[in-house]
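my_file_27.pdb follows; it contains PDB, C-alpha atoms and all ligand atoms.
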MODEL        1
ATOM      1  CA  MET A 267      10.087  18.517 -18.950  1.00  0.00           C
ATOM      2  CA  SER A 268      11.950  15.390 -17.815  1.00  0.00           C
ATOM      3  CA  GLU A 269      14.250  13.591 -20.205  1.00  0.00           C
ATOM      4  CA  MET A 270      12.692  10.461 -21.721  1.00  0.00           C
ATOM      5  CA  VAL A 271      14.370   7.081 -22.109  1.00  0.00           C
ATOM      6  CA  THR A 272      13.359   4.241 -24.381  1.00  0.00           C
ATOM      7  CA  LEU A 273      13.206   0.698 -23.082  1.00  0.00           C
ATOM      8  CA  LYS A 274      11.610  -2.546 -24.198  1.00  0.00           C
ATOM      9  CA  ILE A 275       8.969  -4.295 -22.146  1.00  0.00           C
ATOM     10  CA  ASN A 276       7.913  -7.710 -23.429  1.00  0.00           C
ATOM     11  CA  GLY A 277       9.360  -6.830 -26.814  1.00  0.00           C
ATOM     12  CA  ARG A 278       7.435  -3.547 -27.048  1.00  0.00           C
ATOM     13  CA  GLN A 279       9.218  -0.181 -27.225  1.00  0.00           C
ATOM     14  CA  VAL A 280       8.135   2.025 -24.352  1.00  0.00           C
ATOM     15  CA  GLN A 281       9.121   5.567 -23.416  1.00  0.00           C
ATOM     16  CA  ALA A 282       9.325   6.667 -19.813  1.00  0.00           C
ATOM     17  CA  PRO A 283      10.750   9.643 -17.922  1.00  0.00           C
ATOM     18  CA  ALA A 284      14.348   9.152 -16.740  1.00  0.00           C
ATOM     19  CA  GLY A 285      14.321   8.374 -13.024  1.00  0.00           C
ATOM     20  CA  SER A 286      10.967   6.594 -13.107  1.00  0.00           C
ATOM     21  CA  THR A 287      10.670   2.935 -12.205  1.00  0.00           C
ATOM     22  CA  VAL A 288      10.002  -0.041 -14.451  1.00  0.00           C
ATOM     23  CA  ILE A 289       6.548  -0.568 -12.924  1.00  0.00           C
ATOM     24  CA  GLU A 290       5.682   3.071 -13.668  1.00  0.00           C
ATOM     25  CA  ALA A 291       6.873   2.674 -17.251  1.00  0.00           C
ATOM     26  CA  ALA A 292       4.764  -0.472 -17.551  1.00  0.00           C
ATOM     27  CA  ARG A 293       1.710   1.275 -16.099  1.00  0.00           C
ATOM     28  CA  GLY A 294       2.165   4.088 -18.595  1.00  0.00           C
ATOM     29  CA  ALA A 295       2.170   1.546 -21.413  1.00  0.00           C
ATOM     30  CA  ASN A 296      -0.832  -0.359 -20.039  1.00  0.00           C
ATOM     31  CA  ILE A 297       1.248  -3.405 -19.186  1.00  0.00           C
ATOM     32  CA  GLN A 298       0.086  -4.873 -15.889  1.00  0.00           C
ATOM     33  CA  ILE A 299       2.642  -6.085 -13.368  1.00  0.00           C
ATOM     34  CA  PRO A 300       1.051  -7.672 -10.294  1.00  0.00           C
ATOM     35  CA  ASN A 301       2.032  -5.959  -7.061  1.00  0.00           C
ATOM     36  CA  LEU A 302       0.976  -5.608  -3.470  1.00  0.00           C
ATOM     37  CA  CYS A 303       2.989  -2.712  -2.112  1.00  0.00           C
ATOM     38  CA  SER A 304       3.441  -0.303  -4.999  1.00  0.00           C
ATOM     39  CA  ASN A 305       1.236   2.764  -4.857  1.00  0.00           C
ATOM     40  CA  PRO A 306       1.595   5.748  -7.212  1.00  0.00           C
ATOM     41  CA  GLU A 307       0.868   8.084  -4.277  1.00  0.00           C
ATOM     42  CA  LEU A 308       3.735   6.692  -2.180  1.00  0.00           C
ATOM     43  CA  GLU A 309       7.494   6.524  -2.417  1.00  0.00           C
ATOM     44  CA  PRO A 310       8.822   3.239  -3.903  1.00  0.00           C
ATOM     45  CA  TYR A 311       9.306   0.684  -1.153  1.00  0.00           C
ATOM     46  CA  GLY A 312       9.992  -2.798  -2.555  1.00  0.00           C
ATOM     47  CA  ALA A 313       8.565  -4.963   0.216  1.00  0.00           C
ATOM     48  CA  CYS A 314       6.343  -7.642  -1.283  1.00  0.00           C
ATOM     49  CA  ARG A 315       8.441  -8.871  -4.257  1.00  0.00           C
ATOM     50  CA  MET A 316       5.273  -9.594  -6.200  1.00  0.00           C
ATOM     51  CA  CYS A 317       6.361  -7.173  -8.924  1.00  0.00           C
ATOM     52  CA  MET A 318       9.539  -9.059  -9.868  1.00  0.00           C
ATOM     53  CA  VAL A 319      10.514  -8.922 -13.550  1.00  0.00           C
ATOM     54  CA  GLU A 320      13.447 -10.175 -15.539  1.00  0.00           C
ATOM     55  CA  ILE A 321      15.868  -7.643 -16.991  1.00  0.00           C
ATOM     56  CA  ILE A 322      18.320  -8.478 -19.721  1.00  0.00           C
ATOM     57  CA  HIS A 323      21.924  -7.260 -19.921  1.00  0.00           C
ATOM     58  CA  GLY A 324      23.582  -8.777 -22.984  1.00  0.00           C
ATOM     59  CA  LYS A 325      23.391 -12.532 -22.460  1.00  0.00           C
ATOM     60  CA  ARG A 326      22.678 -12.275 -18.743  1.00  0.00           C
ATOM     61  CA  THR A 327      19.303 -11.926 -17.140  1.00  0.00           C
ATOM     62  CA  ARG A 328      18.515 -10.814 -13.614  1.00  0.00           C
ATOM     63  CA  LEU A 329      15.408 -10.660 -11.463  1.00  0.00           C
ATOM     64  CA  VAL A 330      14.596  -7.247  -9.994  1.00  0.00           C
ATOM     65  CA  ALA A 331      11.672  -5.662  -8.178  1.00  0.00           C
ATOM     66  CA  SER A 332      10.124  -3.460 -10.842  1.00  0.00           C
ATOM     67  CA  CYS A 333       8.730  -0.971  -8.322  1.00  0.00           C
ATOM     68  CA  ILE A 334      12.196   0.123  -7.200  1.00  0.00           C
ATOM     69  CA  TYR A 335      14.253  -0.519 -10.336  1.00  0.00           C
ATOM     70  CA  GLU A 336      14.822   2.568 -12.452  1.00  0.00           C
ATOM     71  CA  VAL A 337      14.376   2.628 -16.200  1.00  0.00           C
ATOM     72  CA  SER A 338      17.407   3.256 -18.404  1.00  0.00           C
ATOM     73  CA  GLU A 339      18.039   3.716 -22.094  1.00  0.00           C
ATOM     74  CA  GLY A 340      17.956   0.377 -23.940  1.00  0.00           C
ATOM     75  CA  LEU A 341      16.853  -1.643 -20.894  1.00  0.00           C
ATOM     76  CA  GLU A 342      15.043  -4.853 -21.806  1.00  0.00           C
ATOM     77  CA  VAL A 343      12.371  -6.120 -19.448  1.00  0.00           C
ATOM     78  CA  LYS A 344      10.281  -9.288 -19.454  1.00  0.00           C
ATOM     79  CA  THR A 345       7.335  -9.433 -17.106  1.00  0.00           C
ATOM     80  CA  ASP A 346       6.016 -12.923 -17.695  1.00  0.00           C
ATOM     81  CA  THR A 347       8.826 -15.498 -17.921  1.00  0.00           C
ATOM     82  CA  GLN A 348       9.001 -18.848 -16.184  1.00  0.00           C
ATOM     83  CA  ARG A 349      11.523 -17.485 -13.630  1.00  0.00           C
ATOM     84  CA  VAL A 350       9.331 -14.469 -12.892  1.00  0.00           C
ATOM     85  CA  ASN A 351       6.267 -16.615 -12.429  1.00  0.00           C
ATOM     86  CA  ASN A 352       8.123 -19.025 -10.147  1.00  0.00           C
ATOM     87  CA  VAL A 353       9.095 -16.142  -7.860  1.00  0.00           C
ATOM     88  CA  ARG A 354       5.587 -14.722  -7.883  1.00  0.00           C
ATOM     89  CA  ARG A 355       4.137 -18.109  -6.983  1.00  0.00           C
ATOM     90  CA  LEU A 356       6.553 -18.385  -4.080  1.00  0.00           C
ATOM     91  CA  VAL A 357       5.624 -14.892  -2.882  1.00  0.00           C
ATOM     92  CA  ILE A 358       1.919 -15.764  -3.079  1.00  0.00           C
ATOM     93  CA  GLU A 359       2.496 -18.929  -1.053  1.00  0.00           C
ATOM     94  CA  LEU A 360       4.317 -16.912   1.605  1.00  0.00           C
ATOM     95  CA  MET A 361       1.479 -14.375   1.750  1.00  0.00           C
ATOM     96  CA  LEU A 362      -1.110 -17.151   1.958  1.00  0.00           C
ATOM     97  CA  SER A 363       0.705 -18.586   4.960  1.00  0.00           C
ATOM     98  CA  ARG A 364       0.073 -15.262   6.773  1.00  0.00           C
ATOM     99  CA  ASN A 365      -3.364 -14.602   5.350  1.00  0.00           C
ATOM    100  CA  PRO A 366      -4.897 -17.723   3.752  1.00  0.00           C
ATOM    101  CA  LYS A 367      -8.421 -16.408   3.105  1.00  0.00           C
ATOM    102  CA  HIS A 368      -8.292 -12.865   1.789  1.00  0.00           C
ATOM    103  CA  PRO A 369     -10.069 -12.620  -1.604  1.00  0.00           C
ATOM    104  CA  ARG A 370      -7.316 -10.450  -3.117  1.00  0.00           C
ATOM    105  CA  LEU A 371      -4.648 -13.037  -2.313  1.00  0.00           C
ATOM    106  CA  LEU A 372      -6.869 -15.911  -3.405  1.00  0.00           C
ATOM    107  CA  GLU A 373      -7.483 -14.118  -6.701  1.00  0.00           C
ATOM    108  CA  LEU A 374      -3.745 -13.630  -7.254  1.00  0.00           C
ATOM    109  CA  ALA A 375      -3.212 -17.280  -6.352  1.00  0.00           C
ATOM    110  CA  ALA A 376      -5.813 -18.400  -8.900  1.00  0.00           C
ATOM    111  CA  GLN A 377      -4.290 -16.158 -11.593  1.00  0.00           C
ATOM    112  CA  HIS A 378      -0.880 -17.747 -10.979  1.00  0.00           C
ATOM    113  CA  GLY A 379      -2.021 -21.332 -10.611  1.00  0.00           C
ATOM    114  CA  VAL A 380      -1.251 -21.485  -6.890  1.00  0.00           C
ATOM    115  CA  GLU A 381      -3.559 -23.897  -5.095  1.00  0.00           C
ATOM    116  CA  GLY A 382      -2.275 -23.570  -1.545  1.00  0.00           C
ATOM    117  CA  THR A 383       0.841 -22.928   0.446  1.00  0.00           C
ATOM    118  CA  ARG A 384       3.614 -25.322   1.370  1.00  0.00           C
ATOM    119  CA  PHE A 385       4.590 -23.024   4.263  1.00  0.00           C
ATOM    120  CA  GLU A 386       3.301 -23.406   7.785  1.00  0.00           C
ATOM    121  CA  ILE A 387       0.132 -21.403   8.280  1.00  0.00           C
ATOM    122  CA  ASP A 388       0.697 -18.660  10.831  1.00  0.00           C
ATOM    123  CA  VAL A 389      -2.260 -16.353  10.439  1.00  0.00           C
ATOM    124  CA  ARG A 390      -1.193 -12.791  11.055  1.00  0.00           C
ATOM    125  CA  GLY A 391      -3.355 -11.071   8.475  1.00  0.00           C
ATOM    126  CA  CYS A 392      -0.835  -8.356   7.702  1.00  0.00           C
ATOM    127  CA  ILE A 393       1.377  -9.050   4.692  1.00  0.00           C
ATOM    128  CA  LEU A 394       3.845  -6.293   5.682  1.00  0.00           C
ATOM    129  CA  CYS A 395       3.338  -4.226   2.552  1.00  0.00           C
ATOM    130  CA  GLY A 396       3.907  -1.058   4.584  1.00  0.00           C
ATOM    131  CA  GLN A 397       1.243   0.933   2.768  1.00  0.00           C
ATOM    132  CA  CYS A 398      -0.496   1.918   6.016  1.00  0.00           C
ATOM    133  CA  VAL A 399       2.683   3.165   7.675  1.00  0.00           C
ATOM    134  CA  ARG A 400       3.817   4.990   4.545  1.00  0.00           C
ATOM    135  CA  THR A 401       0.409   6.568   3.900  1.00  0.00           C
ATOM    136  CA  CYS A 402       0.255   7.828   7.465  1.00  0.00           C
ATOM    137  CA  ARG A 403       3.731   9.333   7.165  1.00  0.00           C
ATOM    138  CA  GLU A 404       3.890  10.453   3.532  1.00  0.00           C
ATOM    139  CA  VAL A 405       0.299  11.428   2.727  1.00  0.00           C
ATOM    140  CA  VAL A 406      -1.339  12.285   6.060  1.00  0.00           C
ATOM    141  CA  GLY A 407       1.923  13.567   7.525  1.00  0.00           C
ATOM    142  CA  VAL A 408       1.508  12.397  11.117  1.00  0.00           C
ATOM    143  CA  SER A 409       3.473   9.090  11.569  1.00  0.00           C
ATOM    144  CA  ALA A 410       1.032   7.690  14.121  1.00  0.00           C
ATOM    145  CA  ILE A 411       1.946   4.049  13.405  1.00  0.00           C
ATOM    146  CA  GLY A 412       5.104   2.130  12.532  1.00  0.00           C
ATOM    147  CA  PHE A 413       6.645  -1.313  12.321  1.00  0.00           C
ATOM    148  CA  GLU A 414       7.838  -3.108  15.426  1.00  0.00           C
ATOM    149  CA  SER A 415       9.854  -6.329  15.963  1.00  0.00           C
ATOM    150  CA  ARG A 416      11.704  -8.318  13.320  1.00  0.00           C
ATOM    151  CA  GLY A 417      11.338 -11.464  11.245  1.00  0.00           C
ATOM    152  CA  THR A 418       8.076 -13.325  11.580  1.00  0.00           C
ATOM    153  CA  LEU A 419       7.067 -11.159  14.554  1.00  0.00           C
ATOM    154  CA  ARG A 420       7.285  -7.936  12.554  1.00  0.00           C
ATOM    155  CA  ARG A 421       3.990  -6.076  12.676  1.00  0.00           C
ATOM    156  CA  VAL A 422       2.371  -2.685  12.396  1.00  0.00           C
ATOM    157  CA  ALA A 423       1.704  -1.071  15.752  1.00  0.00           C
ATOM    158  CA  THR A 424       1.228   2.184  17.579  1.00  0.00           C
ATOM    159  CA  PRO A 425       4.145   3.500  19.681  1.00  0.00           C
ATOM    160  CA  PHE A 426       4.443   1.354  22.840  1.00  0.00           C
ATOM    161  CA  ASN A 427       1.184  -0.316  21.755  1.00  0.00           C
ATOM    162  CA  GLU A 428      -0.700   2.484  23.398  1.00  0.00           C
ATOM    163  CA  SER A 429      -3.427   4.760  22.177  1.00  0.00           C
ATOM    164  CA  PRO A 430      -1.629   6.712  19.415  1.00  0.00           C
ATOM    165  CA  ALA A 431      -1.131  10.316  20.483  1.00  0.00           C
ATOM    166  CA  GLU A 432      -0.451  11.445  16.897  1.00  0.00           C
ATOM    167  CA  CYS A 433      -3.383   9.631  15.284  1.00  0.00           C
ATOM    168  CA  ILE A 434      -6.064  11.879  13.825  1.00  0.00           C
ATOM    169  CA  ALA A 435      -8.404   8.916  13.168  1.00  0.00           C
ATOM    170  CA  CYS A 436      -8.604   9.700   9.440  1.00  0.00           C
ATOM    171  CA  GLY A 437      -8.736   5.953   8.696  1.00  0.00           C
ATOM    172  CA  SER A 438      -6.310   6.201   5.763  1.00  0.00           C
ATOM    173  CA  CYS A 439      -4.316   3.221   7.053  1.00  0.00           C
ATOM    174  CA  ALA A 440      -7.426   1.036   7.143  1.00  0.00           C
ATOM    175  CA  TYR A 441      -8.664   2.178   3.725  1.00  0.00           C
ATOM    176  CA  ILE A 442      -5.302   1.608   2.010  1.00  0.00           C
ATOM    177  CA  CYS A 443      -4.613  -1.843   3.497  1.00  0.00           C
ATOM    178  CA  PRO A 444      -4.850  -4.296   0.572  1.00  0.00           C
ATOM    179  CA  VAL A 445      -5.907  -7.144   2.851  1.00  0.00           C
ATOM    180  CA  ASP A 446      -8.260  -5.254   5.197  1.00  0.00           C
ATOM    181  CA  VAL A 447      -6.612  -6.096   8.489  1.00  0.00           C
ATOM    182  CA  ILE A 448      -6.826  -2.750  10.295  1.00  0.00           C
ATOM    183  CA  PRO A 449     -10.109  -2.655  12.185  1.00  0.00           C
ATOM    184  CA  LEU A 450     -12.111   0.559  11.863  1.00  0.00           C
ATOM    185  CA  LYS A 451     -15.605   0.922  13.297  1.00  0.00           C
ATOM    186  CA  GLU A 452     -18.079   3.752  13.455  1.00  0.00           C
ATOM    187  CA  LYS A 453     -20.984   3.758  15.840  1.00  0.00           C
ATOM    188  CA  ASP A 454     -23.061   6.431  17.591  1.00  0.00           C
ATOM    189  CA  GLY A 455     -20.845   9.295  16.453  1.00  0.00           C
ATOM    190  CA  VAL A 456     -17.603   7.604  17.484  1.00  0.00           C
ATOM    191  CA  ARG A 457     -14.897   6.186  15.215  1.00  0.00           C
ATOM    192  CA  THR A 458     -12.812   3.421  16.771  1.00  0.00           C
ATOM    193  CA  ILE A 459      -9.397   2.686  15.334  1.00  0.00           C
ATOM    194  CA  TRP A 460      -6.160   1.453  16.932  1.00  0.00           C
ATOM    195  CA  LYS A 461      -8.267   0.481  19.951  1.00  0.00           C
ATOM    196  CA  THR A 462      -9.064   4.127  20.605  1.00  0.00           C
ATOM    197  CA  ASP A 463     -12.421   5.903  20.472  1.00  0.00           C
ATOM    198  CA  PHE A 464     -12.443   9.182  18.558  1.00  0.00           C
ATOM    199  CA  PRO A 465     -15.594  11.329  18.816  1.00  0.00           C
ATOM    200  CA  MET A 466     -16.847  12.660  15.492  1.00  0.00           C
ATOM    201  CA  LEU A 467     -18.302  16.063  14.738  1.00  0.00           C
ATOM    202  CA  GLN A 468     -21.581  16.697  12.987  1.00  0.00           C
ATOM    203  CA  CYS A 469     -22.538  19.194  10.318  1.00  0.00           C
ATOM    204  CA  ARG A 470     -24.280  22.138  12.000  1.00  0.00           C
ATOM    205  CA  SER A 471     -26.638  22.549   9.039  1.00  0.00           C
ATOM    206  CA  CYS A 472     -27.917  19.026   8.412  1.00  0.00           C
ATOM    207  CA  GLY A 473     -26.679  17.036  11.419  1.00  0.00           C
ATOM    208  CA  ARG A 474     -24.810  14.430   9.376  1.00  0.00           C
ATOM    209  CA  THR A 475     -21.540  13.133  10.776  1.00  0.00           C
ATOM    210  CA  ILE A 476     -18.568  14.769   9.031  1.00  0.00           C
ATOM    211  CA  ALA A 477     -15.312  13.399  10.436  1.00  0.00           C
ATOM    212  CA  PRO A 478     -13.472  12.711  13.693  1.00  0.00           C
ATOM    213  CA  LYS A 479     -12.853  15.863  15.742  1.00  0.00           C
ATOM    214  CA  ARG A 480      -9.090  15.143  15.736  1.00  0.00           C
ATOM    215  CA  GLN A 481      -9.053  14.964  11.947  1.00  0.00           C
ATOM    216  CA  LEU A 482     -10.946  18.239  11.609  1.00  0.00           C
ATOM    217  CA  GLU A 483      -8.630  19.903  14.133  1.00  0.00           C
ATOM    218  CA  HIS A 484      -5.658  18.717  12.077  1.00  0.00           C
ATOM    219  CA  PHE A 485      -7.256  20.069   8.910  1.00  0.00           C
ATOM    220  CA  ALA A 486      -8.084  23.350  10.646  1.00  0.00           C
ATOM    221  CA  LYS A 487      -4.448  23.730  11.678  1.00  0.00           C
ATOM    222  CA  ILE A 488      -3.196  23.122   8.134  1.00  0.00           C
ATOM    223  CA  THR A 489      -5.695  25.395   6.416  1.00  0.00           C
ATOM    224  CA  GLY A 490      -5.963  28.108   9.047  1.00  0.00           C
ATOM    225  CA  GLN A 491      -9.745  27.627   9.258  1.00  0.00           C
ATOM    226  CA  SER A 492     -11.673  27.242  12.494  1.00  0.00           C
ATOM    227  CA  LEU A 493     -13.630  24.164  13.605  1.00  0.00           C
ATOM    228  CA  ASP A 494     -16.741  26.340  13.373  1.00  0.00           C
ATOM    229  CA  ASP A 495     -15.967  27.057   9.702  1.00  0.00           C
ATOM    230  CA  LEU A 496     -15.385  23.373   8.972  1.00  0.00           C
ATOM    231  CA  THR A 497     -18.626  22.202  10.578  1.00  0.00           C
ATOM    232  CA  LYS A 498     -20.908  24.982   9.304  1.00  0.00           C
ATOM    233  CA  SER A 499     -22.023  22.837   6.346  1.00  0.00           C
ATOM    234  CA  CYS A 500     -21.000  19.542   4.759  1.00  0.00           C
ATOM    235  CA  VAL A 501     -20.716  18.167   1.208  1.00  0.00           C
ATOM    236  CA  HIS A 502     -24.310  16.935   1.387  1.00  0.00           C
ATOM    237  CA  CYS A 503     -25.999  20.198   2.277  1.00  0.00           C
ATOM    238  CA  ARG A 504     -23.718  22.733   0.623  1.00  0.00           C
TER     239      ARG A 504
HETATM  240  S1  LIG B   1      -1.645  -3.612   7.975  1.00  0.00           S
HETATM  241 FE1  LIG B   1      -2.247  -3.777   5.816  1.00  0.00          FE
HETATM  242  S2  LIG B   1      -1.404  -1.913   4.849  1.00  0.00           S
HETATM  243 FE2  LIG B   1      -0.335  -2.177   6.820  1.00  0.00          FE
HETATM  244  S3  LIG B   1       1.516  -3.333   6.341  1.00  0.00           S
HETATM  245 FE3  LIG B   1      -0.047  -4.819   6.929  1.00  0.00          FE
HETATM  246  S4  LIG B   1      -1.008  -5.470   5.006  1.00  0.00           S
HETATM  247 FE4  LIG B   1       0.111  -3.572   4.570  1.00  0.00          FE
HETATM  248  S1  LIG B   2       5.236  -3.984  -5.571  1.00  0.00           S
HETATM  249 FE1  LIG B   2       7.378  -4.137  -5.831  1.00  0.00          FE
HETATM  250  S2  LIG B   2       8.067  -5.136  -4.095  1.00  0.00           S
HETATM  251 FE2  LIG B   2       5.947  -4.879  -3.753  1.00  0.00          FE
ENDMDL
END
Kindly present the structure from the file in structure tokens form.
Ligand code: SF4
Ligand code: FES
Amino acid sequence: MSEMVTLKINGRQVQAPAGSTVIEAARGANIQIPNLCSNPELEPYGACRMCMVEIIHGKRTRLVASCIYEVSEGLEVKTDTQRVNNVRRLVIELMLSRNPKHPRLLELAAQHGVEGTRFEIDVRGCILCGQCVRTCREVVGVSAIGFESRGTLRRVATPFNESPAECIACGSCAYICPVDVIPLKEKDGVRTIWKTDFPMLQCRSCGRTIAPKRQLEHFAKITGQSLDDLTKSCVHCR
């Protein structure tokens, strides 16, 4: 069992495993910290800065990203101070300049009293949270997509912007994206993602579409089953 440490969040004593992050400790204590790139299934990343909190060392306070800052014995954390809210408002304004209409960002804006952005609007959709890239690499295990370019041109892309050879068309990147900017379409037994058409396989018992052939092949390889085994029946007719 991991060693536990005791810290204070908003004046409340909270226990958390040593080595965990402040946002995890807060989640465990039902204290919400807004965030856009923290995901319990993924390694800490610290991209969006929405999860900033104030930590107190003696008379000094410091702003840190709670999703990458580790808990420690006696740490004092405040999640809702003026400084914290100023940073969050700035972050929201920056996100709105890249994606001014997404309901999730508009909701965060409303919750933080942000009415618009003072930054130049440059609609790119993606807020660079990295969840798609990390999910593909850490959960699916194929690294079909990555970041390219720097600064304002930074974006998620396939290698050389070509049809991704590694992609198994599972759609995890599209499903995880908090602002829905990765297009995924399904029509006539074909899933289209990353501008590539992936044929899907049907259940041999009921005829319903199961999943893209590439995804089933990947699954077959991992589990040692055959494609025939995987398409014999589906969750609906089993
Ligand atoms: S495409 Fe979506 S999930 Fe990927 S980095 Fe951009 S906002 Fe995040
Ligand atoms: S949730 Fe911590 S930086 Fe994004």
Would you kindly translate the PyMOL selection byres (((not hetatm)) within 6 of (chain B and resi 2)) into the concrete residues it picks from this file, as a tab-separated table (two decimals) with C-alpha atoms, in the coordinates of the input?
chain	number	residue	atom	x	y	z
A	301	ASN	CA	2.03	-5.96	-7.06
A	302	LEU	CA	0.98	-5.61	-3.47
A	303	CYS	CA	2.99	-2.71	-2.11
A	304	SER	CA	3.44	-0.30	-5.00
A	312	GLY	CA	9.99	-2.80	-2.56
A	313	ALA	CA	8.56	-4.96	0.22
A	314	CYS	CA	6.34	-7.64	-1.28
A	315	ARG	CA	8.44	-8.87	-4.26
A	316	MET	CA	5.27	-9.59	-6.20
A	317	CYS	CA	6.36	-7.17	-8.92
A	331	ALA	CA	11.67	-5.66	-8.18
A	332	SER	CA	10.12	-3.46	-10.84
A	333	CYS	CA	8.73	-0.97	-8.32
query: Got a sec to resolve the PyMOL selection byres (((chain A and resi 270-286) around 6) and not hetatm) on this structure and send the residues as a PyMOL selection string?
result: chain A and resi 268-269+287+291+336+339-344
Identify, on the basis of all atoms listed in the file, every residue whose closest approach to segment 425-435 of chain A does not exceed 8 Å; exclude the query and any residue fewer than 4 positions from it along the same chain; express the result as a CSV table (one decimal) with C-alpha atoms, keeping the file's coordinate frame.
chain,number,residue,atom,x,y,z
A,408,VAL,CA,1.5,12.4,11.1
A,409,SER,CA,3.5,9.1,11.6
A,410,ALA,CA,1.0,7.7,14.1
A,411,ILE,CA,1.9,4.0,13.4
A,412,GLY,CA,5.1,2.1,12.5
A,457,ARG,CA,-14.9,6.2,15.2
A,458,THR,CA,-12.8,3.4,16.8
A,459,ILE,CA,-9.4,2.7,15.3
A,460,TRP,CA,-6.2,1.5,16.9
A,461,LYS,CA,-8.3,0.5,20.0
A,462,THR,CA,-9.1,4.1,20.6
A,464,PHE,CA,-12.4,9.2,18.6
A,478,PRO,CA,-13.5,12.7,13.7
A,480,ARG,CA,-9.1,15.1,15.7
A,481,GLN,CA,-9.1,15.0,11.9
A,484,HIS,CA,-5.7,18.7,12.1
- prompt: Hey, what comes out of the PyMOL selection byres (((chain A and resi 350-367) around 10) and not hetatm) on this file? Could you write it as a ChimeraX atom specification?
  reply: /A:300-301,314-320,328-330,344-349,368-372,374-375,377-394,418,445,447
From A:Ile299, A:Ser338, A:Tyr441, A:Cys398, residue lying nearest Val422 of chain A [all atoms listed in the file]: A:Cys398
Near Gly455 of chain A, counting all atoms listed in the file, which residues have an atom at most 7 Å away, once you skip same-chain residues fewer than 3 positions from it, shown as a PDB file with C-alpha atoms, in the frame of the given file?
ATOM      1  CA  GLU A 452     -18.079   3.752  13.455  1.00  0.00           C
ATOM      2  CA  PRO A 465     -15.594  11.329  18.816  1.00  0.00           C
ATOM      3  CA  MET A 466     -16.847  12.660  15.492  1.00  0.00           C
ATOM      4  CA  THR A 475     -21.540  13.133  10.776  1.00  0.00           C
TER       5      THR A 475
END
Any chance you could work out the axis-aligned box around ligand LIG 1 (chain B), listed atoms only, 3 Å on each side, giving centre and edge lengths in Å to one decimal, as AutoDock Vina command-line options?
--center_x -0.4 --center_y -3.7 --center_z 6.3 --size_x 9.8 --size_y 9.6 --size_z 9.4
- prompt: For ligand LIG 1 (chain B), which residue out of A:Arg326, A:Arg421, A:Arg403, A:Arg416 is the nearest one, using all atoms listed in the file?
  reply: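 Ranked by minimum distance to ligand LIG 1 (chain B), first place goes to A:Arg421.
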query: atom CA of Ile448 of chain A and atom CA of Val399 of chain A are how many Å apart?
result: 11.5 Å
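Taking atom CA of Ile476 of chain A as the reference point, atom CA of Glu404 of chain A is found at 23.5 Å.
As for atom CA of His323 of chain A and atom CA of Ala292 of chain A, they are spaced 18.6 Å apart.
The point (7.2, 8.2, -2.7) has these residues within 10 Å of it when only C-alpha atoms are used: Ser304, Asn305, Pro306, Glu307, Leu308, Glu309, Pro310, Tyr311, Arg400, Thr401, Glu404 and Val405 of chain A.
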